[in-house]
Amino acid sequence: MRTLFFIATIMLSSLCAFTQRPLLIDSLKRELTKATNDTDKVMLMAQLSNIYSFLKLDSGFYYADKSLVLAENIKFYRGKAMALYALGTLYSTTDLAKSLRLKFEGLKIAEEKNYSFEAGWCLMGIGDVYYWLDDMEKSLSYYKQAEEKIRLIKRDKTSEDLIFTIQLNIGTCLGRTNQLDAAFSYLQPLYEQSMNSYNMHSAVLCYFGELQFARGERATAIDYLHQSIDINTKANDYFTNADAYKAMAVFYSKMGQVDSSIFYAKKGLEAALLVDHKPRLLELSTLLAKLYEPTNINESNKYLKVATAANEELYGAKKVKNLLKSFSDEQERQRFAEAEQIARQNRIKQYTFLAGLSIFLFIAVVLYRSNKQKQQANVLLQSQKQEIEHALGKLKSTQSQLIQSEKMASLGELTAGIAHEIQNPLNFVNNFSEVNTELIDELEQEVDKGNYDEVKAIAKNIKDNEQKISHHGKRADAIVKGMLQHSQSSTGQKEPTDINKLADEYLRLAYHGIRAKNKDFNCDIVTSFDNNNGNINIVPQDIGRVLLNLFNNAFYAVNERQNAESLRLNADYKPIVSIQTKKINDKVQVTVKDNGIGIPQKIVDKIFQPFFTTKPTGQGTGLGLSLSYDIIKAHGGEIKVETKEGEGSEFVFQLPNINL
C-alpha cells in the first residue's frame, strides 16, 4: 500500500505550484532518509526528479539516475517505468530524441507488465514530445491512448487529476489544429472544474484563452491570459508563464499592436530562460525576430541568433538522426507486436488444422475398417489435404505481402518525419526573403533621396541576408536531396562522357565554391589527365556528384589543417589537392589526393556508412561518401581510400573503360 501511495502522488507533485515545491522537496527528502524499503526509495527519488525538473535540472538528473539504477538492481519494473518517464521529462526541453526514446522504453515496460497507470503516464509524456515537435496528429493520438488507459483503472483522486491533465492536452491540441468546436467541448468543462484548484486553473486559463481568441472572443481571451499571468507570477510558475506570455504576444501581433506584442514576447523569453525551456526559447525568439524585421534589423538579427542556437540544440543534424532512430525503434516495436499477434493467430490455425487432420484420420480409420467406403475415404482425404496445402500457401503469400506493406508504410512515415524536421531552415529562408523585399523598397527610396551612405548600409544588409538565405537553403536542400538520392536509384541514362573534362569542371566548381565561403582560402591544385581515356559510358550527373563530393572533402581537409598549422605558427605548410586520371587495361582510374588532416585509422571502415561524418554538427549530413559508394558500385566499379592521420588522404575509384 505504501508503494502504491508514492506512485499515486508522483503526478500530484508535478501539479503543485512553484511556491509549494520547496516545501514538498524537504518533506520528500526526509521521507527518503527514513525509508527502509527499496521500492519506496525508487518512487521517492523518481518523485524528487519530477519536481526538480521544474526547478533545477542537475538535481533532477541526479535523483532520476539513482532511481533508475536501484529499480534495475531490485528488478522493480513499476518503479523503472516511472524512473524512465522522469528522466525523459528532464530531457524534454533540451533533447527531444532522448526524451522520446526514454518514454517509449518506459511505455514498453508498462505494457509488458500490464501497468495501466504507468502506461497512461508514459503515453501522455510521448504525446508531449510530439506536441513540441509540432506533430499535433500524433500528439493527439497518444493523448487519447493515455485517456483510454487511465479509464481502465479504478477512479480516484489521482486518476481524476491525470485524466484532467490529459483532457487539457487534448483540448489544446484540438485548438491548435483548428478543431474549435471539439476543443471547446473539452476545455469548457475543465474551466469550471478547475475553479477551486489554484494551479490547475492557471493552466486552463492560458489554453482556454488561446481557444477563445481563435473563436473571436478577443476581450475574453486577453482577460483570461491576464488572470493566468497574475496567478503564475505569484506562484513563480515560469513554465506556464512562458506559455501565457507567448500567447499574449501572438494575440497582439495578430491585432497589429507590435509594441505590446514585443513587450509580452520579451517577458515570455525571460520566463523561458529561467527554466531553460528550449522549445519556448525557439518560438519566442523567432517571433521577436519577425516583429523587429520592419523597424530594427539589428534587433531582428540578434533574436534570430538566439532562435538559431535553440533550433540547433533541439533540431541539429545529430538530434535529427537521434529522432529518426527513436521513430524507427518505435515502428520496430510496433512491428514486433503485430508479428507476435500474427504468430498467435497462426498457432491457432495450426492447432485447428491439426484437430481437423486428427478427425480426418479417425474417419479414415473407420472407413478402412468398414471396407465398404475405403476407396471413397482415400479420395476424400487426398482432396482435403490438397485444399489445406493450398490454403497454407495462400496464407504464407499473404503474410509476405503484409510484411512488405508494413515496411513501405514505415518508410513513408520516416520520410514524412524527415520532411517535418527540415521545415525550420526553410522558414529562415522565407523570413530573410521577406526582409530583403522590404530592404529593396527602402533602397529605392534612399536612392531617390541621394542618401548614398544609407544606400550602402542597406545594400550590405541585403548581402548579409542573401548569405543567410543561401546557407539555410543549402542546408535544407542537402538534407532532402541527400535522403532522396540515397533511397532511390538514379533515373539518369548512361552516355559517352569525357572523364577528364568532367573531372576538370567539377574541380573548378568545388574550388570556387569553397572560395565563395572563405575568401582567404588558397590551395595549390595539381592535375594529371591521361589523354588515352577517351569517352566512357557513364551517367555524367552521378559521377559528377561523386567527384564533387571528393573534391569538397579534400578542400575541407586541407583547410582544417591550414587552420591548425596557423595556430602553431607553422608557415611552411601549403595546401595541395591533386586529381589524376589514368587508363589501366580495361578500366579508368581516378585518384583524388590531399595533404589535409587525414582520417583516424579507427574510423576508416565507417566512412562509407550512411549518416557517418567527422564534420561538426550542421556542416555535413554523412550521406556524401555513402552515396558515392553506391553510385560507383552501380557503374560496376569500386572505390577505396588510403589515409594517414595528420598527413592526408587519397581516394581512388575505378570504372569499366567502355570506350565509345
# chains A, B, ... in the order shown; residues from 1 in each chain; ligands from 1

$ residues_around --residues "segment 502-511 of chain A" --least-positions-apart "4" --cutoff "12 Å" --atoms "only C-alpha atoms" --output "JSON, numbers by chain"
{"A": [496, 497, 498, 515, 516, 517, 518, 519, 521, 522, 523, 524, 525, 526, 527, 528, 529, 530, 534, 535, 536, 538, 539, 540, 541, 542, 543, 544, 545, 546, 547, 548, 549, 550, 551, 552, 553, 554, 555, 556, 559, 576, 577, 578, 579, 580, 581, 589, 590, 591, 592]}

$ residues_around --residues "segment 215-220 of chain A" --least-positions-apart "4" --cutoff "12 Å" --atoms "only C-alpha atoms" --output "list in words"
Gly175, Arg176, Asn178, Gln179, Leu180, Asp181, Ala182, Ala183, Phe184, Leu205, Cys206, Phe208, Gly209, Glu210, Leu211, Tyr224, Leu225, His226, Gln227, Ala247, Met248, Val250, Phe251, Tyr252, Lys254 and Met255 of chain A

$ closest_residue --among "A:Ile359, A:Lys494, A:Glu293, A:Gly450" --to "Asn431 of chain A" --atoms "only C-alpha atoms"
A:Glu293

$ select_by_dssp --residues "segment 565-636 of chain A" --states "alpha helix (DSSP H)" --output "number ranges by chain"
A: 565-567, 624-634

$ residues_around --residues "Leu123 of chain A" --least-positions-apart "2" --cutoff "7 Å" --atoms "only C-alpha atoms" --output "MDAnalysis selection string"
chainID A and resid 107 119:121 125:127 142:143 145:146

$ write_last_selection --atoms "all heavy atoms" --output "mmCIF file, in the first residue's frame"
data_model
loop_
_atom_site.group_PDB
_atom_site.id
_atom_site.type_symbol
_atom_site.label_atom_id
_atom_site.label_comp_id
_atom_site.auth_asym_id
_atom_site.auth_seq_id
_atom_site.Cartn_x
_atom_site.Cartn_y
_atom_site.Cartn_z
ATOM 1 N N LEU A 107 7.174 3.020 -21.574
ATOM 2 C CA LEU A 107 5.897 2.507 -22.067
ATOM 3 C C LEU A 107 5.985 1.010 -22.354
ATOM 4 O O LEU A 107 5.060 0.250 -22.031
ATOM 5 C CB LEU A 107 5.488 3.266 -23.337
ATOM 6 C CG LEU A 107 4.217 2.769 -24.039
ATOM 7 C CD1 LEU A 107 3.006 2.894 -23.126
ATOM 8 C CD2 LEU A 107 3.989 3.534 -25.337
ATOM 9 N N ALA A 119 1.488 3.101 -17.865
ATOM 10 C CA ALA A 119 1.383 3.188 -19.335
ATOM 11 C C ALA A 119 0.694 4.479 -19.749
ATOM 12 O O ALA A 119 1.117 5.155 -20.696
ATOM 13 C CB ALA A 119 0.623 1.983 -19.876
ATOM 14 N N GLY A 120 -0.383 4.848 -19.042
ATOM 15 C CA GLY A 120 -1.074 6.102 -19.358
ATOM 16 C C GLY A 120 -0.192 7.304 -19.154
ATOM 17 O O GLY A 120 -0.189 8.248 -19.949
ATOM 18 N N TRP A 121 0.608 7.278 -18.083
ATOM 19 C CA TRP A 121 1.516 8.388 -17.800
ATOM 20 C C TRP A 121 2.560 8.537 -18.907
ATOM 21 O O TRP A 121 2.855 9.629 -19.382
ATOM 22 C CB TRP A 121 2.155 8.117 -16.436
ATOM 23 C CG TRP A 121 2.895 9.257 -15.815
ATOM 24 C CD1 TRP A 121 4.178 9.251 -15.419
ATOM 25 C CD2 TRP A 121 2.392 10.555 -15.507
ATOM 26 N NE1 TRP A 121 4.524 10.462 -14.879
ATOM 27 C CE2 TRP A 121 3.435 11.288 -14.934
ATOM 28 C CE3 TRP A 121 1.161 11.169 -15.673
ATOM 29 C CZ2 TRP A 121 3.301 12.595 -14.515
ATOM 30 C CZ3 TRP A 121 1.029 12.479 -15.261
ATOM 31 C CH2 TRP A 121 2.087 13.169 -14.688
ATOM 32 N N GLY A 125 3.289 11.433 -21.772
ATOM 33 C CA GLY A 125 4.606 12.038 -21.953
ATOM 34 C C GLY A 125 5.065 11.980 -23.399
ATOM 35 O O GLY A 125 5.676 12.927 -23.910
ATOM 36 N N ILE A 126 4.782 10.867 -24.090
ATOM 37 C CA ILE A 126 5.134 10.755 -25.509
ATOM 38 C C ILE A 126 4.340 11.776 -26.323
ATOM 39 O O ILE A 126 4.863 12.413 -27.244
ATOM 40 C CB ILE A 126 4.868 9.324 -26.015
ATOM 41 C CG1 ILE A 126 5.831 8.343 -25.324
ATOM 42 C CG2 ILE A 126 5.030 9.236 -27.536
ATOM 43 C CD1 ILE A 126 5.464 6.889 -25.519
ATOM 44 N N GLY A 127 3.063 11.936 -25.971
ATOM 45 C CA GLY A 127 2.250 12.962 -26.641
ATOM 46 C C GLY A 127 2.837 14.347 -26.455
ATOM 47 O O GLY A 127 2.809 15.180 -27.374
ATOM 48 N N TYR A 142 -1.574 9.922 -29.087
ATOM 49 C CA TYR A 142 -1.025 9.383 -27.846
ATOM 50 C C TYR A 142 -1.798 9.888 -26.627
ATOM 51 O O TYR A 142 -1.987 9.150 -25.647
ATOM 52 C CB TYR A 142 0.463 9.713 -27.730
ATOM 53 C CG TYR A 142 1.329 8.784 -28.541
ATOM 54 C CD1 TYR A 142 1.872 9.192 -29.757
ATOM 55 C CD2 TYR A 142 1.592 7.499 -28.102
ATOM 56 C CE1 TYR A 142 2.655 8.339 -30.513
ATOM 57 C CE2 TYR A 142 2.371 6.630 -28.863
ATOM 58 C CZ TYR A 142 2.900 7.050 -30.063
ATOM 59 O OH TYR A 142 3.675 6.210 -30.803
ATOM 60 N N TYR A 143 -2.265 11.138 -26.662
ATOM 61 C CA TYR A 143 -3.069 11.639 -25.547
ATOM 62 C C TYR A 143 -4.350 10.806 -25.395
ATOM 63 O O TYR A 143 -4.753 10.457 -24.275
ATOM 64 C CB TYR A 143 -3.438 13.102 -25.758
ATOM 65 C CG TYR A 143 -2.306 14.079 -25.555
ATOM 66 C CD1 TYR A 143 -2.243 15.275 -26.273
ATOM 67 C CD2 TYR A 143 -1.285 13.829 -24.638
ATOM 68 C CE1 TYR A 143 -1.217 16.184 -26.078
ATOM 69 C CE2 TYR A 143 -0.256 14.722 -24.439
ATOM 70 C CZ TYR A 143 -0.222 15.898 -25.165
ATOM 71 O OH TYR A 143 0.798 16.785 -24.973
ATOM 72 N N GLN A 145 -4.830 7.705 -26.398
ATOM 73 C CA GLN A 145 -4.464 6.382 -25.885
ATOM 74 C C GLN A 145 -4.262 6.431 -24.372
ATOM 75 O O GLN A 145 -4.644 5.505 -23.648
ATOM 76 C CB GLN A 145 -3.180 5.892 -26.560
ATOM 77 C CG GLN A 145 -3.331 5.538 -28.031
ATOM 78 C CD GLN A 145 -2.021 5.084 -28.632
ATOM 79 O OE1 GLN A 145 -1.394 4.134 -28.170
ATOM 80 N NE2 GLN A 145 -1.580 5.771 -29.684
ATOM 81 N N ALA A 146 -3.631 7.503 -23.901
ATOM 82 C CA ALA A 146 -3.417 7.665 -22.459
ATOM 83 C C ALA A 146 -4.749 7.757 -21.726
ATOM 84 O O ALA A 146 -4.940 7.141 -20.659
ATOM 85 C CB ALA A 146 -2.583 8.916 -22.194
#

$ residues_around --residues "Lys246 of chain A" --least-positions-apart "5" --cutoff "12 Å" --atoms "only C-alpha atoms" --output "PyMOL selection string"
chain A and resi 206-207+209-210+225+229+238-241+251-253+260-272+279-288

$ write_last_selection --atoms "N, CA, C and O atoms" --output "short mmCIF file (atom, residue, chain, number, x, y, z; two decimals), in the first residue's frame"
data_model
loop_
_atom_site.label_atom_id
_atom_site.label_comp_id
_atom_site.auth_asym_id
_atom_site.auth_seq_id
_atom_site.Cartn_x
_atom_site.Cartn_y
_atom_site.Cartn_z
N CYS A 206 -4.87 29.79 -19.41
CA CYS A 206 -3.94 30.07 -20.51
C CYS A 206 -4.42 29.44 -21.81
O CYS A 206 -4.57 30.11 -22.83
N TYR A 207 -4.71 28.12 -21.79
CA TYR A 207 -5.03 27.41 -23.03
C TYR A 207 -6.47 27.64 -23.47
O TYR A 207 -6.78 27.64 -24.66
N GLY A 209 -7.90 30.47 -22.95
CA GLY A 209 -7.80 31.81 -23.52
C GLY A 209 -7.38 31.77 -24.98
O GLY A 209 -7.90 32.52 -25.82
N GLU A 210 -6.40 30.89 -25.31
CA GLU A 210 -5.99 30.74 -26.71
C GLU A 210 -7.18 30.32 -27.58
O GLU A 210 -7.37 30.83 -28.70
N LEU A 225 -5.91 35.46 -20.12
CA LEU A 225 -4.45 35.43 -20.11
C LEU A 225 -3.89 36.29 -18.98
O LEU A 225 -2.93 35.90 -18.31
N ILE A 229 -1.49 34.97 -15.95
CA ILE A 229 -0.19 35.59 -15.67
C ILE A 229 -0.12 36.03 -14.20
O ILE A 229 0.92 35.85 -13.55
N TYR A 238 7.22 29.71 -13.81
CA TYR A 238 7.79 30.25 -15.04
C TYR A 238 7.38 29.44 -16.27
O TYR A 238 7.27 29.97 -17.38
N PHE A 239 7.15 28.12 -16.12
CA PHE A 239 6.74 27.29 -17.26
C PHE A 239 5.42 27.79 -17.85
O PHE A 239 5.33 28.08 -19.05
N THR A 240 4.39 27.87 -17.00
CA THR A 240 3.08 28.30 -17.51
C THR A 240 3.11 29.76 -17.93
O THR A 240 2.45 30.15 -18.90
N ASN A 241 3.91 30.59 -17.23
CA ASN A 241 4.00 31.99 -17.61
C ASN A 241 4.62 32.15 -19.00
O ASN A 241 4.23 33.04 -19.76
N PHE A 251 -1.39 37.12 -29.68
CA PHE A 251 -2.66 37.85 -29.79
C PHE A 251 -2.43 39.27 -30.33
O PHE A 251 -3.05 39.70 -31.31
N TYR A 252 -1.52 40.01 -29.65
CA TYR A 252 -1.29 41.41 -30.03
C TYR A 252 -0.65 41.52 -31.41
O TYR A 252 -0.88 42.49 -32.14
N SER A 253 0.16 40.52 -31.79
CA SER A 253 0.74 40.53 -33.13
C SER A 253 -0.35 40.41 -34.19
O SER A 253 -0.35 41.13 -35.19
N SER A 260 3.04 46.12 -28.04
CA SER A 260 2.53 45.24 -26.99
C SER A 260 2.98 43.81 -27.22
O SER A 260 3.34 43.09 -26.28
N SER A 261 2.99 43.41 -28.49
CA SER A 261 3.44 42.04 -28.81
C SER A 261 4.89 41.85 -28.42
O SER A 261 5.26 40.83 -27.84
N ILE A 262 5.75 42.82 -28.72
CA ILE A 262 7.17 42.74 -28.37
C ILE A 262 7.33 42.68 -26.85
O ILE A 262 8.13 41.90 -26.31
N PHE A 263 6.56 43.49 -26.13
CA PHE A 263 6.66 43.52 -24.67
C PHE A 263 6.38 42.14 -24.07
O PHE A 263 7.17 41.64 -23.25
N TYR A 264 5.28 41.50 -24.50
CA TYR A 264 4.93 40.20 -23.91
C TYR A 264 5.86 39.10 -24.41
O TYR A 264 6.14 38.14 -23.69
N ALA A 265 6.34 39.22 -25.65
CA ALA A 265 7.29 38.22 -26.15
C ALA A 265 8.58 38.24 -25.34
O ALA A 265 9.15 37.20 -25.02
N LYS A 266 9.04 39.43 -24.98
CA LYS A 266 10.26 39.54 -24.16
C LYS A 266 10.03 38.98 -22.77
O LYS A 266 10.90 38.32 -22.19
N LYS A 267 8.86 39.25 -22.20
CA LYS A 267 8.55 38.70 -20.88
C LYS A 267 8.52 37.17 -20.94
O LYS A 267 9.02 36.49 -20.03
N GLY A 268 7.94 36.64 -22.00
CA GLY A 268 7.91 35.19 -22.15
C GLY A 268 9.29 34.60 -22.33
O GLY A 268 9.60 33.53 -21.79
N LEU A 269 10.16 35.31 -23.08
CA LEU A 269 11.54 34.84 -23.28
C LEU A 269 12.29 34.81 -21.96
O LEU A 269 13.06 33.88 -21.69
N GLU A 270 12.08 35.81 -21.13
CA GLU A 270 12.72 35.84 -19.81
C GLU A 270 12.27 34.64 -18.97
O GLU A 270 13.10 33.99 -18.31
N ALA A 271 10.98 34.33 -18.99
CA ALA A 271 10.47 33.18 -18.22
C ALA A 271 11.04 31.87 -18.75
O ALA A 271 11.44 30.99 -17.98
N ALA A 272 11.12 31.73 -20.08
CA ALA A 272 11.65 30.50 -20.68
C ALA A 272 13.13 30.33 -20.35
O ALA A 272 13.61 29.21 -20.13
N PRO A 279 12.23 24.69 -26.47
CA PRO A 279 11.17 24.90 -27.47
C PRO A 279 10.52 26.27 -27.37
O PRO A 279 10.26 26.93 -28.38
N ARG A 280 10.24 26.75 -26.13
CA ARG A 280 9.66 28.08 -25.99
C ARG A 280 10.67 29.16 -26.37
O ARG A 280 10.31 30.19 -26.95
N LEU A 281 11.97 28.96 -26.04
CA LEU A 281 13.01 29.92 -26.46
C LEU A 281 13.00 30.07 -27.97
O LEU A 281 13.10 31.19 -28.50
N LEU A 282 12.90 28.95 -28.68
CA LEU A 282 12.89 28.99 -30.14
C LEU A 282 11.68 29.76 -30.66
O LEU A 282 11.80 30.63 -31.52
N GLU A 283 10.47 29.45 -30.14
CA GLU A 283 9.26 30.10 -30.63
C GLU A 283 9.27 31.61 -30.34
O GLU A 283 8.96 32.42 -31.23
N LEU A 284 9.65 31.98 -29.13
CA LEU A 284 9.58 33.40 -28.74
C LEU A 284 10.66 34.23 -29.42
O LEU A 284 10.41 35.36 -29.84
N SER A 285 11.90 33.69 -29.54
CA SER A 285 12.96 34.44 -30.22
C SER A 285 12.65 34.59 -31.71
O SER A 285 12.94 35.62 -32.31
N THR A 286 12.04 33.55 -32.31
CA THR A 286 11.63 33.64 -33.72
C THR A 286 10.56 34.71 -33.90
O THR A 286 10.59 35.50 -34.85
N LEU A 287 9.59 34.75 -32.96
CA LEU A 287 8.54 35.77 -33.02
C LEU A 287 9.13 37.17 -32.88
O LEU A 287 8.76 38.09 -33.63
N LEU A 288 10.07 37.36 -31.95
CA LEU A 288 10.68 38.67 -31.76
C LEU A 288 11.47 39.09 -33.00
O LEU A 288 11.44 40.26 -33.39
#

$ select_by_dssp --residues "segment 558-622 of chain A" --states "strand (DSSP E or B)" --output "list in words"
Ile576, Val577, Ser578, Ile579, Gln580, Thr581, Lys582, Lys583, Ile584, Lys587, Val588, Gln589, Val590, Thr591, Val592, Lys593 and Asp594 of chain A

$ write_last_selection --atoms "N, CA, C and O atoms" --output "compact mmCIF listing (two decimals), in the first residue's frame"
# COMPACT_ATOMS: atom_id res chain seq x y z
N ILE A 576 47.59 21.34 -50.74
CA ILE A 576 47.70 20.80 -52.10
C ILE A 576 46.59 19.76 -52.30
O ILE A 576 46.40 18.86 -51.48
N VAL A 577 45.84 19.91 -53.39
CA VAL A 577 44.85 18.92 -53.81
C VAL A 577 45.17 18.53 -55.25
O VAL A 577 45.37 19.40 -56.10
N SER A 578 45.24 17.22 -55.51
CA SER A 578 45.58 16.76 -56.86
C SER A 578 44.52 15.80 -57.38
O SER A 578 43.86 15.09 -56.61
N ILE A 579 44.36 15.80 -58.71
CA ILE A 579 43.44 14.88 -59.38
C ILE A 579 44.20 14.22 -60.52
O ILE A 579 44.88 14.89 -61.31
N GLN A 580 44.08 12.90 -60.62
CA GLN A 580 44.77 12.15 -61.67
C GLN A 580 43.80 11.16 -62.29
O GLN A 580 43.05 10.48 -61.59
N THR A 581 43.77 11.11 -63.63
CA THR A 581 43.04 10.05 -64.32
C THR A 581 44.04 9.21 -65.08
O THR A 581 45.04 9.72 -65.61
N LYS A 582 43.77 7.91 -65.13
CA LYS A 582 44.74 7.02 -65.77
C LYS A 582 44.03 5.80 -66.32
O LYS A 582 43.17 5.21 -65.65
N LYS A 583 44.40 5.41 -67.54
CA LYS A 583 43.84 4.21 -68.14
C LYS A 583 44.68 3.02 -67.73
O LYS A 583 45.89 2.99 -67.94
N ILE A 584 44.02 2.00 -67.13
CA ILE A 584 44.71 0.79 -66.69
C ILE A 584 43.97 -0.40 -67.27
O ILE A 584 42.90 -0.79 -66.79
N LYS A 587 40.11 -0.56 -67.53
CA LYS A 587 39.50 0.31 -66.53
C LYS A 587 40.08 1.71 -66.62
O LYS A 587 41.19 1.90 -67.11
N VAL A 588 39.31 2.68 -66.10
CA VAL A 588 39.80 4.05 -65.92
C VAL A 588 39.86 4.32 -64.43
O VAL A 588 38.88 4.12 -63.71
N GLN A 589 41.03 4.75 -63.97
CA GLN A 589 41.23 5.01 -62.54
C GLN A 589 41.30 6.50 -62.29
O GLN A 589 42.01 7.24 -62.97
N VAL A 590 40.54 6.96 -61.27
CA VAL A 590 40.53 8.37 -60.90
C VAL A 590 41.02 8.47 -59.45
O VAL A 590 40.51 7.77 -58.57
N THR A 591 42.02 9.33 -59.22
CA THR A 591 42.60 9.49 -57.89
C THR A 591 42.47 10.94 -57.43
O THR A 591 42.88 11.85 -58.14
N VAL A 592 41.89 11.15 -56.26
CA VAL A 592 41.79 12.48 -55.64
C VAL A 592 42.61 12.43 -54.36
O VAL A 592 42.31 11.66 -53.45
N LYS A 593 43.64 13.28 -54.28
CA LYS A 593 44.59 13.22 -53.17
C LYS A 593 44.73 14.60 -52.53
O LYS A 593 44.67 15.63 -53.20
N ASP A 594 44.88 14.62 -51.21
CA ASP A 594 45.10 15.89 -50.49
C ASP A 594 46.13 15.67 -49.39
O ASP A 594 46.40 14.53 -49.00

$ atom_distance --atom1 "atom CA of Arg78 of chain A" --atom2 "atom CA of Leu133 of chain A"
27.9 Å

$ residues_around --residues "segment 457-474 of chain A" --least-positions-apart "6" --cutoff "10 Å" --atoms "only C-alpha atoms" --output "ChimeraX atom specification"
/A:297-298,301,422,424-433,435-440,442-443,446,480,517

$ atom_distance --atom1 "atom CA of Asp134 of chain A" --atom2 "atom CA of Leu174 of chain A"
12.5 Å

$ residues_around --residues "segment 63-67 of chain A" --least-positions-apart "3" --cutoff "12 Å" --atoms "only C-alpha atoms" --output "PDB file with C-alpha atoms, in the first residue's frame"
ATOM      1  CA  ILE A  25      11.120  18.623  -1.644  1.00  0.00           C
ATOM      2  CA  LEU A  28      10.293  14.001   0.427  1.00  0.00           C
ATOM      3  CA  LYS A  29      13.982  14.157   1.381  1.00  0.00           C
ATOM      4  CA  LEU A  32      13.853   9.246   1.763  1.00  0.00           C
ATOM      5  CA  ASP A  38      13.976  -0.134  -1.674  1.00  0.00           C
ATOM      6  CA  THR A  39      10.773   0.139  -3.708  1.00  0.00           C
ATOM      7  CA  ASP A  40       9.754   3.171  -1.624  1.00  0.00           C
ATOM      8  CA  LYS A  41      13.192   4.718  -2.259  1.00  0.00           C
ATOM      9  CA  VAL A  42      12.806   4.231  -6.018  1.00  0.00           C
ATOM     10  CA  MET A  43       9.454   6.019  -6.105  1.00  0.00           C
ATOM     11  CA  LEU A  44      10.588   8.810  -3.749  1.00  0.00           C
ATOM     12  CA  MET A  45      13.635   9.557  -5.915  1.00  0.00           C
ATOM     13  CA  ALA A  46      11.509   9.468  -9.097  1.00  0.00           C
ATOM     14  CA  GLN A  47       9.125  11.923  -7.439  1.00  0.00           C
ATOM     15  CA  LEU A  48      12.014  14.224  -6.416  1.00  0.00           C
ATOM     16  CA  SER A  49      13.315  14.126 -10.005  1.00  0.00           C
ATOM     17  CA  ASN A  50       9.871  15.110 -11.302  1.00  0.00           C
ATOM     18  CA  ILE A  51       9.697  18.154  -9.026  1.00  0.00           C
ATOM     19  CA  TYR A  52      13.277  19.220  -9.729  1.00  0.00           C
ATOM     20  CA  SER A  53      12.528  19.183 -13.478  1.00  0.00           C
ATOM     21  CA  LYS A  56      16.975  22.517 -11.031  1.00  0.00           C
ATOM     22  CA  LEU A  57      17.820  20.083 -13.843  1.00  0.00           C
ATOM     23  CA  ASP A  58      21.103  18.848 -12.313  1.00  0.00           C
ATOM     24  CA  SER A  59      19.349  17.687  -9.149  1.00  0.00           C
ATOM     25  CA  GLY A  60      16.591  16.176 -11.263  1.00  0.00           C
ATOM     26  CA  LEU A  70      18.095   0.998  -7.929  1.00  0.00           C
ATOM     27  CA  ALA A  71      14.926  -0.098  -9.780  1.00  0.00           C
ATOM     28  CA  GLU A  72      17.041  -2.174 -12.193  1.00  0.00           C
ATOM     29  CA  ASN A  73      19.080  -3.732  -9.363  1.00  0.00           C
ATOM     30  CA  ILE A  74      15.997  -4.890  -7.446  1.00  0.00           C
ATOM     31  CA  LYS A  75      14.005  -5.681 -10.640  1.00  0.00           C
ATOM     32  CA  PHE A  76      11.233  -3.262  -9.634  1.00  0.00           C
ATOM     33  CA  TYR A  77       9.647  -2.776 -13.064  1.00  0.00           C
ATOM     34  CA  ARG A  78       6.869  -0.416 -11.995  1.00  0.00           C
ATOM     35  CA  GLY A  79       9.481   1.894 -10.483  1.00  0.00           C
ATOM     36  CA  LYS A  80      11.733   1.531 -13.543  1.00  0.00           C
ATOM     37  CA  ALA A  81       8.901   2.679 -15.837  1.00  0.00           C
ATOM     38  CA  MET A  82       8.348   5.785 -13.694  1.00  0.00           C
ATOM     39  CA  ALA A  83      12.088   6.494 -13.408  1.00  0.00           C
ATOM     40  CA  LEU A  84      12.412   6.328 -17.215  1.00  0.00           C
ATOM     41  CA  TYR A  85       9.466   8.716 -17.542  1.00  0.00           C
ATOM     42  CA  ALA A  86      11.047  11.141 -15.044  1.00  0.00           C
ATOM     43  CA  LEU A  87      14.363  11.008 -16.918  1.00  0.00           C
ATOM     44  CA  GLY A  88      12.538  11.558 -20.224  1.00  0.00           C
ATOM     45  CA  THR A  89      10.770  14.607 -18.770  1.00  0.00           C
ATOM     46  CA  LEU A  90      14.139  16.153 -17.824  1.00  0.00           C
ATOM     47  CA  TYR A  91      15.332  15.818 -21.425  1.00  0.00           C
ATOM     48  CA  LEU A 102      13.233   7.029 -22.685  1.00  0.00           C
TER      49      LEU A 102
END

$ residues_around --residues "Pro610 of chain A" --least-positions-apart "6" --cutoff "6 Å" --atoms "only C-alpha atoms" --output "list in words"
Gly622, Leu623 and Ser626 of chain A

$ atom_distance --atom1 "atom CA of Phe653 of chain A" --atom2 "atom CA of Leu627 of chain A"
13.6 Å
